[in-house]
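File shown: final.txt. Contents: compact mmCIF, C-alpha atoms and all ligand atoms.
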# COMPACT_ATOMS: atom_id res chain seq x y z
CA MET U 95 -4.76 17.04 6.96
CA GLN U 96 -0.96 16.98 6.83
CA ALA U 97 0.61 14.06 4.98
CA LEU U 98 3.96 13.01 3.61
CA TYR U 99 3.80 12.02 -0.04
CA TYR U 100 5.66 11.77 -3.32
CA SER U 101 4.62 11.89 -6.96
CA ARG U 102 7.79 10.59 -8.59
CA PHE U 103 10.48 8.10 -7.62
CA GLY U 104 13.83 9.43 -6.49
CA ALA U 105 15.98 10.43 -3.53
CA ALA U 106 14.58 11.21 -0.07
CA ASP U 107 14.00 14.84 -0.99
CA THR U 108 11.17 13.80 -3.33
CA LEU U 109 9.13 13.48 -0.14
CA THR U 110 6.79 16.43 0.35
CA LEU U 111 4.91 17.44 3.47
CA GLY U 112 1.62 19.09 2.54
CA ALA U 113 -2.12 19.29 2.98
CA LEU U 114 -4.18 16.51 1.42
CA PRO U 115 -7.93 15.82 1.61
CA MET U 116 -9.10 13.70 4.56
CA PRO U 117 -9.40 10.04 3.54
CA GLU U 118 -12.96 8.75 3.46
CA PRO U 119 -13.37 5.25 4.91
CA ALA U 120 -15.17 2.82 2.58
CA PRO U 121 -17.77 0.43 4.04
CA GLY U 122 -15.99 -1.91 6.49
CA GLU U 123 -13.17 0.58 7.03
CA VAL U 124 -12.19 2.65 10.03
CA LEU U 125 -10.74 6.16 10.08
CA VAL U 126 -7.70 6.28 12.36
CA ARG U 127 -6.21 9.46 13.77
CA VAL U 128 -2.57 8.51 13.46
CA ALA U 129 -0.21 9.06 16.40
CA ALA U 130 2.82 7.67 14.58
CA ALA U 131 3.81 5.66 11.52
CA GLY U 132 6.52 3.02 11.54
CA LEU U 133 9.19 3.29 8.87
CA ASN U 134 10.32 0.16 7.03
CA PRO U 135 12.95 -0.45 4.34
CA ILE U 136 10.16 -1.15 1.82
CA ASP U 137 9.03 2.49 2.18
CA VAL U 138 12.51 3.65 1.27
CA LYS U 139 12.99 1.18 -1.60
CA THR U 140 9.58 2.00 -3.10
CA ARG U 141 10.27 5.75 -2.90
CA ALA U 142 13.53 5.08 -4.80
CA GLY U 143 11.54 3.22 -7.49
CA LYS U 144 12.70 -0.28 -6.52
CA GLY U 145 10.75 -3.44 -5.83
CA PHE U 146 7.32 -4.89 -6.52
CA VAL U 147 5.25 -1.99 -5.15
CA ALA U 148 7.08 0.64 -7.23
CA ALA U 149 6.61 -1.55 -10.31
CA GLN U 150 2.85 -1.43 -9.78
CA LEU U 151 2.46 2.27 -8.96
CA GLY U 152 2.99 3.25 -12.59
CA THR U 153 4.01 6.76 -13.64
CA ALA U 154 1.10 8.99 -12.56
CA PHE U 155 0.54 8.68 -8.84
CA ARG U 156 0.54 10.54 -5.56
CA PHE U 157 1.61 8.05 -2.95
CA VAL U 158 1.42 8.51 0.81
CA PRO U 159 3.81 5.85 2.16
CA GLY U 160 3.47 3.91 5.38
CA TYR U 161 2.02 0.51 6.30
CA ASP U 162 2.50 0.67 10.06
CA LEU U 163 0.38 2.87 12.25
CA ALA U 164 -0.64 3.41 15.84
CA GLY U 165 -3.40 5.83 16.70
CA GLU U 166 -6.96 6.32 17.85
CA VAL U 167 -10.15 5.37 16.07
CA ALA U 168 -11.78 8.55 14.77
CA SER U 169 -14.99 7.09 13.28
CA GLN U 170 -17.75 4.81 14.51
CA HIS U 171 -17.47 1.09 13.78
CA PRO U 172 -19.23 -1.76 15.62
CA ASP U 173 -15.88 -3.42 16.51
CA TRP U 174 -13.91 -0.24 17.09
CA PRO U 175 -15.58 2.54 19.10
CA ALA U 176 -14.24 6.05 18.56
CA GLY U 177 -11.24 6.75 20.77
CA THR U 178 -9.96 3.15 20.93
CA ALA U 179 -6.16 2.95 20.76
CA VAL U 180 -5.21 0.68 17.87
CA VAL U 181 -2.21 -0.58 15.96
CA GLY U 182 -2.05 -2.27 12.59
CA MET U 183 -0.26 -3.20 9.40
CA VAL U 184 -2.52 -1.38 6.98
CA ASN U 185 -3.25 -0.97 3.28
CA PHE U 186 -0.43 -3.29 2.19
CA PRO U 187 0.99 -3.16 -0.42
CA LEU U 188 -0.47 -0.68 -2.92
CA ARG U 189 -2.37 1.82 -0.78
CA GLY U 190 -0.11 2.70 2.16
CA GLY U 191 -1.16 5.96 3.76
CA ALA U 192 0.09 5.73 7.36
CA CYS U 193 2.37 8.79 7.02
CA ALA U 194 -0.55 11.16 7.46
CA GLU U 195 -2.62 12.60 10.28
CA TYR U 196 -5.56 10.38 9.29
CA CYS U 197 -5.70 7.03 7.52
CA ALA U 198 -8.67 4.92 6.39
CA VAL U 199 -8.02 1.22 7.00
CA GLU U 200 -9.81 -2.09 6.79
CA ALA U 201 -11.26 -2.82 10.26
CA GLY U 202 -10.04 -6.43 10.19
CA VAL U 203 -6.32 -5.58 10.29
CA LEU U 204 -6.53 -3.52 13.48
CA VAL U 205 -5.65 -4.74 16.94
CA ALA U 206 -5.95 -3.03 20.33
CA ALA U 207 -2.64 -1.24 20.98
CA PRO U 208 -0.26 -2.51 23.65
CA ARG U 209 -0.74 -0.78 27.01
CA ARG U 210 2.81 -1.22 28.29
CA ILE U 211 4.46 1.19 25.83
CA PRO U 212 3.58 4.68 24.53
CA LEU U 213 0.96 4.56 21.77
CA ALA U 214 3.26 6.21 19.19
CA ASP U 215 6.02 3.65 19.81
CA ALA U 216 3.62 0.81 19.00
CA ALA U 217 3.77 1.92 15.35
CA GLY U 218 7.13 0.14 15.17
CA LEU U 219 5.62 -3.25 15.84
CA PRO U 220 3.30 -4.48 13.07
CA LEU U 221 5.22 -5.08 9.83
CA ALA U 222 8.55 -6.00 11.44
CA GLY U 223 6.88 -8.12 14.12
CA LEU U 224 4.71 -9.97 11.62
CA THR U 225 7.70 -10.58 9.34
CA ALA U 226 9.60 -12.13 12.24
CA TRP U 227 6.59 -14.13 13.46
CA GLN U 228 5.68 -15.48 10.02
CA GLY U 229 9.30 -16.36 9.25
CA LEU U 230 9.92 -18.21 12.48
CA PHE U 231 6.59 -19.91 13.09
CA GLN U 232 4.48 -19.95 9.92
CA HIS U 233 7.16 -20.62 7.28
CA GLY U 234 10.00 -21.84 9.49
CA ALA U 235 7.97 -24.01 11.92
CA LEU U 236 10.59 -23.27 14.57
CA THR U 237 10.42 -25.53 17.62
CA SER U 238 12.05 -25.53 21.02
CA GLY U 239 15.66 -26.75 20.98
CA GLN U 240 16.28 -25.96 17.32
CA ARG U 241 19.21 -23.80 16.31
CA LEU U 242 18.18 -20.45 14.81
CA LEU U 243 20.48 -17.96 13.10
CA VAL U 244 19.21 -14.42 12.46
CA LEU U 245 21.27 -12.47 9.91
CA ALA U 246 20.98 -8.77 10.89
CA GLY U 247 19.75 -9.26 14.45
CA ALA U 248 20.02 -5.60 15.46
CA GLY U 249 17.55 -4.20 12.90
CA GLY U 250 13.79 -3.82 12.83
CA VAL U 251 12.83 -7.40 12.01
CA GLY U 252 15.97 -8.94 13.51
CA HIS U 253 15.66 -7.57 17.03
CA LEU U 254 12.15 -8.97 17.26
CA ALA U 255 13.12 -12.30 15.65
CA VAL U 256 15.91 -12.82 18.20
CA GLN U 257 13.48 -12.30 21.08
CA LEU U 258 10.76 -14.48 19.52
CA GLY U 259 13.28 -17.25 18.90
CA ARG U 260 14.37 -17.11 22.51
CA TRP U 261 10.74 -17.07 23.69
CA ALA U 262 10.07 -20.19 21.58
CA GLY U 263 12.93 -22.05 23.25
CA ALA U 264 15.36 -22.07 20.34
CA GLU U 265 19.12 -21.73 20.61
CA VAL U 266 19.51 -18.31 19.03
CA ALA U 267 22.47 -16.78 17.21
CA ALA U 268 22.45 -13.41 15.46
CA THR U 269 24.86 -11.28 13.45
CA ALA U 270 25.61 -7.58 13.80
CA SER U 271 28.52 -5.19 13.62
CA LYS U 272 30.84 -5.13 16.61
CA GLY U 273 29.09 -2.09 18.08
CA ASN U 274 25.74 -3.89 18.20
CA LEU U 275 26.89 -7.16 19.81
CA ALA U 276 25.95 -5.92 23.29
CA LEU U 277 22.42 -5.20 22.04
CA LEU U 278 22.14 -8.75 20.67
CA GLY U 279 23.09 -10.06 24.11
CA GLU U 280 20.46 -7.87 25.79
CA LEU U 281 17.85 -9.22 23.38
CA GLY U 282 18.68 -12.73 24.54
CA ALA U 283 20.85 -14.13 21.76
CA HIS U 284 22.98 -17.06 22.95
CA HIS U 285 25.58 -16.38 20.27
CA CYS U 286 26.36 -12.77 19.28
CA LEU U 287 28.31 -12.94 16.03
CA ASP U 288 30.36 -10.06 14.61
CA TYR U 289 29.85 -10.21 10.84
CA GLY U 290 33.18 -8.43 10.39
CA GLN U 291 35.07 -11.49 11.61
CA PRO U 292 35.98 -14.17 9.04
CA ASP U 293 34.32 -17.61 9.21
CA VAL U 294 32.17 -16.62 12.18
CA LEU U 295 29.05 -18.38 10.81
CA GLU U 296 30.86 -21.62 9.96
CA ALA U 297 32.49 -21.77 13.38
CA ALA U 298 29.19 -21.58 15.23
CA GLY U 299 26.95 -23.58 12.79
CA PRO U 300 25.21 -25.57 11.46
CA TRP U 301 21.75 -24.01 11.77
CA ASP U 302 18.29 -25.59 11.51
CA LEU U 303 16.67 -22.32 10.51
CA ILE U 304 18.34 -19.22 9.11
CA LEU U 305 16.32 -16.01 8.90
CA ASP U 306 18.24 -14.06 6.28
CA LEU U 307 17.40 -10.36 6.57
CA MET U 308 20.26 -9.26 4.32
CA GLY U 309 19.89 -11.29 1.12
CA GLY U 310 22.50 -11.07 -1.64
CA ASP U 311 26.02 -12.21 -0.85
CA VAL U 312 25.36 -12.36 2.90
CA GLY U 313 22.57 -14.88 2.39
CA LEU U 314 24.63 -16.84 -0.13
CA GLN U 315 27.52 -17.16 2.31
CA ALA U 316 25.20 -18.42 5.04
CA LEU U 317 23.88 -21.22 2.80
CA ASP U 318 26.96 -23.28 3.54
CA CYS U 319 26.18 -23.19 7.26
CA LEU U 320 22.71 -24.69 6.94
CA ALA U 321 22.11 -28.12 8.50
CA PRO U 322 21.37 -30.75 5.79
CA GLU U 323 17.61 -30.68 6.50
CA GLY U 324 17.66 -27.01 7.48
CA LEU U 325 15.76 -24.11 5.89
CA LEU U 326 17.02 -20.68 4.91
CA LEU U 327 14.26 -18.09 4.70
CA THR U 328 15.42 -15.08 2.74
CA VAL U 329 13.41 -11.98 3.44
CA PRO U 330 14.60 -9.16 1.09
CA THR U 331 12.49 -9.71 -2.02
CA LEU U 332 15.01 -8.07 -4.39
CA THR U 333 17.43 -11.04 -4.15
CA ALA U 334 15.09 -13.88 -3.13
CA ALA U 335 14.97 -15.52 -6.58
CA THR U 336 18.79 -15.55 -6.81
CA LEU U 337 19.08 -17.21 -3.43
CA GLU U 338 16.36 -19.76 -4.18
CA ALA U 339 18.23 -20.71 -7.36
CA ALA U 340 21.51 -21.01 -5.44
CA GLY U 341 19.78 -23.21 -2.88
CA ALA U 342 18.42 -25.51 -5.58
CA ALA U 343 21.89 -25.78 -7.14
CA ARG U 344 23.47 -26.71 -3.80
CA GLN U 345 20.59 -28.97 -2.67
CA ARG U 346 19.68 -26.65 0.19
CA ARG U 347 16.17 -25.60 1.16
CA VAL U 348 15.78 -21.85 0.50
CA ARG U 349 12.52 -19.90 0.36
CA GLY U 350 11.52 -16.27 0.15
CA TYR U 351 8.24 -14.94 1.51
CA THR U 352 6.33 -11.69 1.69
CA VAL U 353 4.82 -10.57 4.98
CA GLN U 354 1.03 -10.42 5.16
CA PRO U 355 -1.20 -8.51 7.56
CA ASP U 356 -2.61 -10.89 10.16
CA ALA U 357 -4.57 -9.51 13.11
CA ALA U 358 -4.46 -12.77 15.11
CA GLN U 359 -0.67 -12.92 14.90
CA LEU U 360 -0.37 -9.22 15.68
CA GLU U 361 -2.56 -9.75 18.74
CA GLN U 362 -0.10 -12.36 19.98
CA LEU U 363 2.79 -9.95 19.42
CA VAL U 364 0.95 -7.24 21.35
CA ALA U 365 0.34 -9.70 24.20
CA LEU U 366 4.07 -10.54 24.30
CA VAL U 367 4.92 -6.83 24.47
CA ASP U 368 2.37 -6.29 27.25
CA ARG U 369 3.82 -9.22 29.23
CA GLY U 370 7.35 -7.88 28.78
CA ASP U 371 8.44 -11.01 26.88
CA VAL U 372 9.27 -8.88 23.83
CA THR U 373 10.74 -5.39 24.01
CA LEU U 374 10.25 -3.08 21.07
CA HIS U 375 13.41 -1.05 20.61
CA ILE U 376 12.63 2.36 19.11
CA SER U 377 15.99 3.94 18.36
CA GLN U 378 14.79 7.17 16.76
CA ARG U 379 11.60 9.22 16.69
CA PHE U 380 11.24 11.88 13.97
CA PRO U 381 8.46 14.41 13.48
CA LEU U 382 6.57 13.79 10.22
CA ALA U 383 8.14 16.97 8.81
CA GLN U 384 11.56 15.27 9.00
CA GLY U 385 10.43 12.27 6.98
CA ALA U 386 13.24 12.70 4.44
CA GLU U 387 15.85 12.56 7.20
CA ALA U 388 14.28 9.39 8.59
CA HIS U 389 14.31 7.84 5.10
CA ARG U 390 18.02 8.64 4.73
CA LEU U 391 18.73 6.98 8.05
CA VAL U 392 16.93 3.74 7.10
CA GLU U 393 18.54 3.87 3.66
CA GLY U 394 21.95 3.83 5.37
CA GLY U 395 21.21 0.26 6.44
CA HIS U 396 22.38 0.47 10.04
CA VAL U 397 19.39 1.45 12.16
CA GLN U 398 19.02 -0.23 15.53
CA GLY U 399 15.53 -1.59 16.07
CA LYS U 400 12.82 0.67 14.67
CA VAL U 401 12.40 4.25 13.50
CA ILE U 402 9.03 5.98 13.79
CA LEU U 403 7.51 9.18 12.41
CA GLU U 404 5.33 11.08 14.85
CA MET U 405 2.39 13.20 13.79
CA PRO U 406 2.12 16.87 14.75
CA ALA U 407 1.01 17.07 18.40
CA ALA U 408 -2.24 18.83 17.50
CA ALA U 409 -3.43 15.73 15.67
CA VAL U 410 -3.37 13.40 18.70
N1 LIG N 1 9.73 -9.95 2.26
C1 LIG N 1 9.10 -9.21 3.16
O1 LIG N 1 7.89 -9.30 3.32
C2 LIG N 1 9.90 -8.27 4.04
C3 LIG N 1 9.36 -7.82 5.25
C4 LIG N 1 10.14 -7.02 6.07
C5 LIG N 1 11.43 -6.67 5.68
N2 LIG N 1 11.89 -7.08 4.48
C6 LIG N 1 13.28 -6.77 4.07
O2 LIG N 1 14.15 -7.40 5.01
C7 LIG N 1 15.29 -6.59 5.21
C8 LIG N 1 15.47 -6.33 6.69
O3 LIG N 1 14.42 -5.49 7.15
P1 LIG N 1 14.60 -4.66 8.50
O4 LIG N 1 13.37 -3.87 8.71
O5 LIG N 1 15.04 -5.56 9.60
O6 LIG N 1 15.83 -3.71 8.07
P2 LIG N 1 16.64 -2.69 8.96
O7 LIG N 1 15.99 -2.44 10.26
O8 LIG N 1 16.94 -1.51 8.10
O9 LIG N 1 18.03 -3.47 9.21
C9 LIG N 1 19.10 -2.73 9.67
C10 LIG N 1 20.10 -3.67 10.32
O10 LIG N 1 20.86 -4.37 9.33
C11 LIG N 1 22.11 -4.68 9.94
N3 LIG N 1 23.15 -5.01 8.98
C12 LIG N 1 23.66 -4.22 8.00
N4 LIG N 1 24.60 -4.91 7.31
C13 LIG N 1 24.69 -6.15 7.88
C14 LIG N 1 25.45 -7.32 7.62
N5 LIG N 1 26.34 -7.37 6.62
N6 LIG N 1 25.24 -8.41 8.39
C15 LIG N 1 24.35 -8.39 9.39
N7 LIG N 1 23.60 -7.31 9.72
C16 LIG N 1 23.76 -6.21 8.95
C17 LIG N 1 22.45 -3.45 10.73
O11 LIG N 1 23.26 -3.83 11.83
P3 LIG N 1 24.69 -3.13 12.02
O12 LIG N 1 24.39 -1.66 12.17
O13 LIG N 1 25.22 -3.76 13.25
O14 LIG N 1 25.48 -3.38 10.77
C18 LIG N 1 21.10 -2.91 11.18
O15 LIG N 1 20.81 -3.14 12.52
C19 LIG N 1 15.11 -5.37 4.34
O16 LIG N 1 15.74 -5.58 3.11
C20 LIG N 1 13.61 -5.30 4.14
O17 LIG N 1 13.23 -4.62 2.95
C21 LIG N 1 11.17 -7.87 3.65

Take the structure in this file and express it as structure tokens.
Amino acid sequence: MQALYYSRFGAADTLTLGALPMPEPAPGEVLVRVAAAGLNPIDVKTRAGKGFVAAQLGTAFRFVPGYDLAGEVASQHPDWPAGTAVVGMVNFPLRGGACAEYCAVEAGVLVAAPRRIPLADAAGLPLAGLTAWQGLFQHGALTSGQRLLVLAGAGGVGHLAVQLGRWAGAEVAATASKGNLALLGELGAHHCLDYGQPDVLEAAGPWDLILDLMGGDVGLQALDCLAPEGLLLTVPTLTAATLEAAGAARQRRVRGYTVQPDAAQLEQLVALVDRGDVTLHISQRFPLAQGAEAHRLVEGGHVQGKVILEMPAAAV
């Protein structure tokens, strides 16, 4: 089967498209014929040798990236008959494998794919959707009427967080560059904030819950706009410890978290997509062979919504 992989850390051109052996599902696993893989910043950071996954891969490896897939079941399993359209956040964090024509995955992380959108597009939903869901509802305990600020509302996690916040009845603000403010409005944000303008967060705050998808200095600046009992959830793991320390020093509640696969939560996200309450914005679709180009795009830090990698047509 064709797969995208790398055997050393480096720039996007370390990615190789080549033939690898078919994965063999272990007991309790399902073989999925992949229609598309979703691309996430963690794939790009790990390929560059950064972050907690890269630290655990060691020096001798051949890693097929990808934690998000949509496809069809290609093996027999009591819960998942062959041919069922599925979506899932799979093999997180050390195994990956979604950027390939076939992927063996634990049956328990799969969910029936949404019917309202093309199967390949659904690959953009799992990791970003679960990050938004877990931030807002599991860690943030967001309730109707609260004031939510999403830093980076136009990106993969952000565009879903804005819609989920709105769906939950919160008053939602989000930041983006000037060119993306219209998108924030379409997603349902009550306040569309241009991060290029000075003091824009202070003017519109304070916030009960801040979902910080930028980390670093952007997260630090937002700390001052948190309501006294508010919570800032910082999502990029590379700077989470710094922000938690800054929060402790300023007597502000700051926490980082790492997304986890959760089929029940993903099922709820799929239901919201099928009802039209949440729209998954796929801004770019690349063939698997252009994986390096897709990585460069995500690495640039300004993608709208999600980017997916589609498998060769013969595979689906
Ligand atoms: N801890 C975890 O488990 C976990 C899970 C998921 C993601 N993450 C991390 O969370 C971060 C966000 O993930 P993602 O998938 O949403 O990334 P993404 O899709 O690559 O985010 C891109 C967005 O960032 C926006 N942006 C860039 N600079 C900005 C700024 N200064 N202020 C506000 N927005 C800005 C861009 O908007 P403009 O083009 O308008 O600038 C763009 O839409 C990444 O670092 C990722 O690694 C962590």

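Residues in contact range of U:Ala206, defined as at most 8 Å between all atoms listed in the file, with sequence neighbours fewer than 5 positions away removed, read Thr178, Ala179, Val180, Val181 and Glu361 of chain U.
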
Could you turn the residues from that selection into a file that holds C-alpha atoms, as a PDB file, keeping the file's coordinate frame?
ATOM      1  CA  THR U 178      -9.960   3.150  20.930  1.00  0.00           C
ATOM      2  CA  ALA U 179      -6.160   2.950  20.760  1.00  0.00           C
ATOM      3  CA  VAL U 180      -5.210   0.680  17.870  1.00  0.00           C
ATOM      4  CA  VAL U 181      -2.210  -0.580  15.960  1.00  0.00           C
ATOM      5  CA  GLU U 361      -2.560  -9.750  18.740  1.00  0.00           C
TER       6      GLU U 361
END

Within 6 Å of ligand LIG 1 (chain N) (counting only C-alpha atoms and all ligand atoms), which residues show up? I'd like them as a PDB file with C-alpha atoms, keeping the file's coordinate frame.
ATOM      1  CA  ASN U 134      10.320   0.160   7.030  1.00  0.00           C
ATOM      2  CA  PRO U 135      12.950  -0.450   4.340  1.00  0.00           C
ATOM      3  CA  ILE U 136      10.160  -1.150   1.820  1.00  0.00           C
ATOM      4  CA  ALA U 222       8.550  -6.000  11.440  1.00  0.00           C
ATOM      5  CA  THR U 225       7.700 -10.580   9.340  1.00  0.00           C
ATOM      6  CA  LEU U 245      21.270 -12.470   9.910  1.00  0.00           C
ATOM      7  CA  ALA U 246      20.980  -8.770  10.890  1.00  0.00           C
ATOM      8  CA  ALA U 248      20.020  -5.600  15.460  1.00  0.00           C
ATOM      9  CA  GLY U 249      17.550  -4.200  12.900  1.00  0.00           C
ATOM     10  CA  GLY U 250      13.790  -3.820  12.830  1.00  0.00           C
ATOM     11  CA  VAL U 251      12.830  -7.400  12.010  1.00  0.00           C
ATOM     12  CA  GLY U 252      15.970  -8.940  13.510  1.00  0.00           C
ATOM     13  CA  THR U 269      24.860 -11.280  13.450  1.00  0.00           C
ATOM     14  CA  ALA U 270      25.610  -7.580  13.800  1.00  0.00           C
ATOM     15  CA  SER U 271      28.520  -5.190  13.620  1.00  0.00           C
ATOM     16  CA  ASN U 274      25.740  -3.890  18.200  1.00  0.00           C
ATOM     17  CA  TYR U 289      29.850 -10.210  10.840  1.00  0.00           C
ATOM     18  CA  LEU U 307      17.400 -10.360   6.570  1.00  0.00           C
ATOM     19  CA  MET U 308      20.260  -9.260   4.320  1.00  0.00           C
ATOM     20  CA  VAL U 329      13.410 -11.980   3.440  1.00  0.00           C
ATOM     21  CA  PRO U 330      14.600  -9.160   1.090  1.00  0.00           C
ATOM     22  CA  THR U 331      12.490  -9.710  -2.020  1.00  0.00           C
ATOM     23  CA  TYR U 351       8.240 -14.940   1.510  1.00  0.00           C
ATOM     24  CA  THR U 352       6.330 -11.690   1.690  1.00  0.00           C
ATOM     25  CA  VAL U 353       4.820 -10.570   4.980  1.00  0.00           C
ATOM     26  CA  VAL U 392      16.930   3.740   7.100  1.00  0.00           C
ATOM     27  CA  GLY U 395      21.210   0.260   6.440  1.00  0.00           C
ATOM     28  CA  HIS U 396      22.380   0.470  10.040  1.00  0.00           C
ATOM     29  CA  VAL U 397      19.390   1.450  12.160  1.00  0.00           C
ATOM     30  CA  GLN U 398      19.020  -0.230  15.530  1.00  0.00           C
ATOM     31  CA  GLY U 399      15.530  -1.590  16.070  1.00  0.00           C
TER      32      GLY U 399
END

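Taking atom CA of U:Arg127 and atom CA of U:Ser169 as endpoints, the distance between them is 9.1 Å.
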
### Task
Provide the atom CA of U:Leu403 to atom CA of U:Gln384 distance in Å, to one decimal place.
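These atoms are spaced 8.1 Å apart.
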
#### Entry: Close residues, U:Asp173 itself excluded, 12 Å, only C-alpha atoms, min 3 positions apart in chain, as number ranges by chain
U: 122-124, 167, 169-170, 176-178, 180, 200-206

### Query
So, counting all atoms listed in the file, which residue among U:Ala268, U:Gly152, U:Leu305, U:Leu213 is closest to U:Leu287?
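Answer, going by the shortest atom-to-atom distance: U:Ala268.
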
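Between atom CA of U:Leu188 and atom CA of U:Val147 lies a distance of 6.3 Å.
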
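Residues in contact range of U:Gln354, defined as at most 10 Å between all atoms listed in the file, with sequence neighbours fewer than 3 positions away removed, read Met183, Val184, Phe186, Pro187, Leu221, Leu224, Thr225, Gln228, Tyr351 and Ala357 of chain U.
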
### Selected residue, from U:Cys319, U:Ala383, U:Leu281, U:Gly234, that lies nearest to U:Tyr99 when counting all atoms listed in the file
U:Ala383

### Message
Would you pick out the contacts of U:Gly385 at 10 Å or less, using all atoms listed in the file, so that residues sharing its chain but fewer than 5 positions from it are not included, and give the list as a ChimeraX atom specification?
### Response
/U:98-99,106-107,109-111,133,193,380,390-391,402-404

### Test item: residues at most 7 Å from U:Arg141, all atoms listed in the file, excluding those fewer than 4 positions along its chain, as a list in words
Phe103, Gly104 and Asp137 of chain U

Any chance you could tabulate, as a tab-separated table, the residues of stretch 242-328 of chain U at most 8 Å from stretch 336-342 of chain U with each one's nearest atom pair and distance in Å to one decimal, using only C-alpha atoms, in chain and rising number order?
residue	atom	partner	partner_atom	distance
U:Gly309	CA	U:Leu337	CA	7.5
U:Gly310	CA	U:Leu337	CA	7.3
U:Gly313	CA	U:Leu337	CA	7.2
U:Leu314	CA	U:Leu337	CA	6.5
U:Leu317	CA	U:Gly341	CA	7.3
U:Thr328	CA	U:Leu337	CA	7.5

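Remark: residues at most 10 Å from position (19.9, -3.6, 21.8) in file coordinates are U:Gly247, U:Ala248, U:Gly249, U:His253, U:Asn274, U:Leu275, U:Ala276, U:Leu277, U:Leu278, U:Gly279, U:Glu280, U:Leu281, U:Gly282, U:Thr373, U:Leu374, U:His375, U:Ile376, U:Ser377, U:Gln398, U:Gly399, using all atoms listed in the file.
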
File of the preceding selection, C-alpha atoms, as a PDB file, keeping the file's coordinate frame:
ATOM      1  CA  GLY U 247      19.750  -9.260  14.450  1.00  0.00           C
ATOM      2  CA  ALA U 248      20.020  -5.600  15.460  1.00  0.00           C
ATOM      3  CA  GLY U 249      17.550  -4.200  12.900  1.00  0.00           C
ATOM      4  CA  HIS U 253      15.660  -7.570  17.030  1.00  0.00           C
ATOM      5  CA  ASN U 274      25.740  -3.890  18.200  1.00  0.00           C
ATOM      6  CA  LEU U 275      26.890  -7.160  19.810  1.00  0.00           C
ATOM      7  CA  ALA U 276      25.950  -5.920  23.290  1.00  0.00           C
ATOM      8  CA  LEU U 277      22.420  -5.200  22.040  1.00  0.00           C
ATOM      9  CA  LEU U 278      22.140  -8.750  20.670  1.00  0.00           C
ATOM     10  CA  GLY U 279      23.090 -10.060  24.110  1.00  0.00           C
ATOM     11  CA  GLU U 280      20.460  -7.870  25.790  1.00  0.00           C
ATOM     12  CA  LEU U 281      17.850  -9.220  23.380  1.00  0.00           C
ATOM     13  CA  GLY U 282      18.680 -12.730  24.540  1.00  0.00           C
ATOM     14  CA  THR U 373      10.740  -5.390  24.010  1.00  0.00           C
ATOM     15  CA  LEU U 374      10.250  -3.080  21.070  1.00  0.00           C
ATOM     16  CA  HIS U 375      13.410  -1.050  20.610  1.00  0.00           C
ATOM     17  CA  ILE U 376      12.630   2.360  19.110  1.00  0.00           C
ATOM     18  CA  SER U 377      15.990   3.940  18.360  1.00  0.00           C
ATOM     19  CA  GLN U 398      19.020  -0.230  15.530  1.00  0.00           C
ATOM     20  CA  GLY U 399      15.530  -1.590  16.070  1.00  0.00           C
TER      21      GLY U 399
END

### Task
Taking the point (10.9, -27.7, 20.5) as given in the file, collect each protein or nucleic acid residue that comes within 10 Å of it, counting only C-alpha atoms, and present the set as a PyMOL selection string.
chain U and resi 235-240+262-264

#### Entry: Pick from U:Arg189, U:Arg209, U:Lys139, U:Lys144, whichever lies nearest to U:Gly370 using only C-alpha atoms
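Counting only C-alpha atoms, the residue closest to U:Gly370 is U:Arg209.
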
### Query
Nearest to U:His171 among U:Pro119, U:Gly259, U:Gly191, U:Gly145, with distances taken over only C-alpha atoms: which residue is it?
U:Pro119

### Message
Which residue is closest to U:Leu163? Choose from U:Met405, U:Leu325, U:Ala283, U:Glu296 and count only C-alpha atoms.
### Response
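Among the listed residues, the smallest separation from U:Leu163 belongs to U:Met405.
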
#### Entry: From U:Asn185, U:Gln315, U:Thr333, U:Gln257, residue lying nearest U:Phe157 [all atoms listed in the file]
U:Asn185

My structure is short of atoms at stretch 172-179 of chain U; please model N, CA and C atoms there, returning them as a CSV table (one decimal), in the frame of the given file.
chain,number,residue,atom,x,y,z
U,172,PRO,N,-18.7,-0.9,14.6
U,172,PRO,CA,-19.2,-1.8,15.6
U,172,PRO,C,-18.1,-2.4,16.4
U,173,ASP,N,-17.0,-2.8,15.8
U,173,ASP,CA,-15.9,-3.4,16.5
U,173,ASP,C,-14.9,-2.4,17.2
U,174,TRP,N,-14.9,-1.2,16.7
U,174,TRP,CA,-13.9,-0.2,17.1
U,174,TRP,C,-14.6,1.1,17.4
U,175,PRO,N,-15.0,1.3,18.7
U,175,PRO,CA,-15.6,2.5,19.1
U,175,PRO,C,-14.6,3.7,19.0
U,176,ALA,N,-15.1,4.9,18.7
U,176,ALA,CA,-14.2,6.0,18.6
U,176,ALA,C,-13.4,6.2,19.8
U,177,GLY,N,-12.1,6.5,19.6
U,177,GLY,CA,-11.2,6.8,20.8
U,177,GLY,C,-10.4,5.5,21.1
U,178,THR,N,-10.7,4.3,20.6
U,178,THR,CA,-10.0,3.2,20.9
U,178,THR,C,-8.5,3.3,20.4
U,179,ALA,N,-7.6,2.9,21.2
U,179,ALA,CA,-6.2,3.0,20.8
U,179,ALA,C,-5.9,1.7,20.0
